[in-house]
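**Student:** Once you've had a glance at the structure underneath, I'll fire off some questions.
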Amino acid sequence: MSQHARDDLKRQLLSRSRRRSRPQPSDAASTDVATSQQVPERFVRFEDHPGYQQIAMMREGARRLGLTDPFFKQHEGNAGATTTIDGRNYINFASYNYLGYSGDPRVNRAAADAVAHYGSSVSASRMVAGERPIHQALERALADAYDVEDAVAFVSGHATNVSTLGYLLGPRDLILHDEYIHNSAMVGAQLSGAKRIAFPHNDIAALDDLLSRHRGQFERVLIVIEGLYSMDGDVPDLPRFVELKSRHRAWLMVDEAHSFGVLGARGLGLREHFDVPATAVDIWMGTMSKTLAGCGGYIAGCRALVETLRHLAPGFLYSVGMPAQVAAPSLKVLELMAEEPERIARLQDISRYFLERAHTLELDVGDSIGAAVVPVIVGSSPLAAGLSHDLFERGINVQPILHPAVPEKSARLRFFLSCEHTRGQVDDTLAALQQAMNRRAAAHA
């Protein structure tokens, strides 16, 4: 028998063997049915998903306490220092509209002009579909505000952190982050595959120890902190973090979602607050949904960093470009901030006033420095939810922060201040809060 014939016979025998080993259609169907019957019902019902079960439990607890759901309230117009919900006016402490620019007629006009000129969508990735001049103008204005070489704008603040950390770092790298860092940075760190270690909040000594023990085991090391922590209203000691990252040859990233527009005489954020050169920080991150009255996020820094992200970060490269009417308001606010520093001064003044009055009333405000964010810690999720309900009944809108978002003993009401709040509104709010706390304490005595 020739070699060719032997090879052909071998192929035929292997083919027959494979056919015999496969279940017949009826057998396969029976096997599938038997397998599917073994799958518990809870694994195919969204109602049995742990997340939905948690939501249902929280709603039932609120119902038993006679509380309304504090979340997803429907605002009927612009939300600033005041808002309208279900036809009723409220003093509002649940908005990040720190400088009152969302709703400002000049900012609204910038958005309207942009959509009229460019249309409602850029329809594809900026790399694929091309730029609009307004994108480049916004990024240039952001870079100038930070006094760095370049900036890049993403369509989502959350995606900015996820995509930046997820792309820049890898399995041979280390990410050290404050234990209170935002979820977006946590998700980005997990996506990167880098080793991730949290250090105690604002604890320089603990971070120094971690760097001393681990720096030599990794290629790139990134330290991630926030400029103003939105749960506590406190700030990191930036000069000490800069010294530490320089000594250990690491990168430093500062998330300025809540600090830009709030800290510093011109609202330029943490670096102005501490008078630190912008280039002392490797990666500046921020969002445009708060002070800048738009939506999305940005990274500012050296040209090599920004060009890398602009060409390769998945959250930018594979995402549609920012609509012009979203970019235009933030560009306009950057212009107005430079012209109207009095708004920043008013925000800082009313924030300090709130903090001082809270101290006078012996309310627990934690470590807040009194800059736009002031928590009142009450130590119980049911109590925080109840107080939020009581204040809402009095025409004051403030959100409770409950476990597991914070430890149960740290449950709180979280007050966000605007430059448009008045001292009278602060006085009325704190008086109503103290009365509500006294009533609930008496009811449980």
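Simple scheme: letters A, B, ... for chains in structure tokens order, numbers from 1 for residues in each chain, numbers from 1 for ligands in the order shown.
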Can you list, as a compact mmCIF listing (two decimals) with C-alpha atoms, in the first residue's frame, every protein, DNA or RNA residue that comes within 12 Å of Gln190 of chain A when you count only C-alpha atoms, leaving out same-chain residues fewer than 6 positions away?
**Tutor:**
# COMPACT_ATOMS: atom_id res chain seq x y z
CA ASN A 161 -10.12 57.16 35.22
CA VAL A 162 -11.04 53.65 34.08
CA SER A 163 -9.42 54.04 30.69
CA THR A 164 -6.37 56.02 31.80
CA LEU A 165 -5.36 53.69 34.62
CA GLY A 166 -6.47 50.63 32.69
CA TYR A 167 -4.21 51.50 29.76
CA LEU A 169 -0.40 50.41 33.93
CA GLY A 170 0.07 46.65 33.57
CA PRO A 171 0.92 43.42 35.43
CA ASP A 173 3.35 47.75 37.77
CA LEU A 174 1.98 48.88 41.14
CA ILE A 175 -0.89 51.25 41.96
CA LEU A 176 -1.00 52.71 45.46
CA HIS A 177 -4.21 54.59 46.18
CA ASN A 183 -14.81 53.94 42.34
CA SER A 184 -13.64 54.94 38.86
CA ARG A 196 -3.09 47.33 43.79
CA ILE A 197 -2.61 48.37 47.43
**Student:** Once you count only C-alpha atoms, what closest atom pair and distance in Å to one decimal does each residue of segment 376-442 of chain A within 10 Å of segment 74-92 of chain A have, with rows by chain and rising residue number, as a Markdown table?
**Tutor:**
| residue | atom | partner | partner_atom | distance |
| --- | --- | --- | --- | --- |
| A:Leu391 | CA | A:Ile91 | CA | 9.8 |
| A:Phe392 | CA | A:Tyr90 | CA | 7.9 |
| A:Glu393 | CA | A:Tyr90 | CA | 9.7 |
| A:Arg394 | CA | A:Tyr90 | CA | 8.5 |
| A:Gly395 | CA | A:Tyr90 | CA | 4.7 |
| A:Ile396 | CA | A:Ile91 | CA | 4.8 |
| A:Asn397 | CA | A:Asn92 | CA | 4.9 |
| A:Val398 | CA | A:Asn92 | CA | 6.6 |
| A:Gln399 | CA | A:Asn92 | CA | 9.7 |
| A:Phe415 | CA | A:Asn92 | CA | 8.8 |
| A:Phe416 | CA | A:Asn92 | CA | 8.4 |
| A:Leu417 | CA | A:Ala81 | CA | 7.5 |
| A:Ser418 | CA | A:Ala81 | CA | 5.9 |
| A:Cys419 | CA | A:Ala81 | CA | 8.0 |
| A:Glu420 | CA | A:Ala81 | CA | 5.6 |
| A:His421 | CA | A:Ala81 | CA | 5.3 |
| A:Thr422 | CA | A:Ala81 | CA | 8.6 |
| A:Gln425 | CA | A:Ile91 | CA | 7.1 |
| A:Val426 | CA | A:Ile91 | CA | 9.2 |
| A:Asp428 | CA | A:Ile91 | CA | 9.6 |
| A:Thr429 | CA | A:Ile91 | CA | 8.3 |
**Student:** Nearest residue to Leu222 of chain A out of A:Val320, A:Leu65, A:Ala278, A:Ala198, using only C-alpha atoms?
**Tutor:** A:Ala198
**Student:** Could you work out how far atom CA of Gly296 of chain A lies from atom CA of Trp251 of chain A, giving the answer in Å with one decimal?
**Tutor:** 23.6 Å
**Student:** Neighbouring residues of Ala338 of chain A were defined as those with any atom within 9 Å, considering only C-alpha atoms; residues of the same chain fewer than 5 positions away were excluded. Please report them as a list in words.
**Tutor:**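 Counting only C-alpha atoms, the residues come to Arg266, Gly267 and Val333 of chain A.
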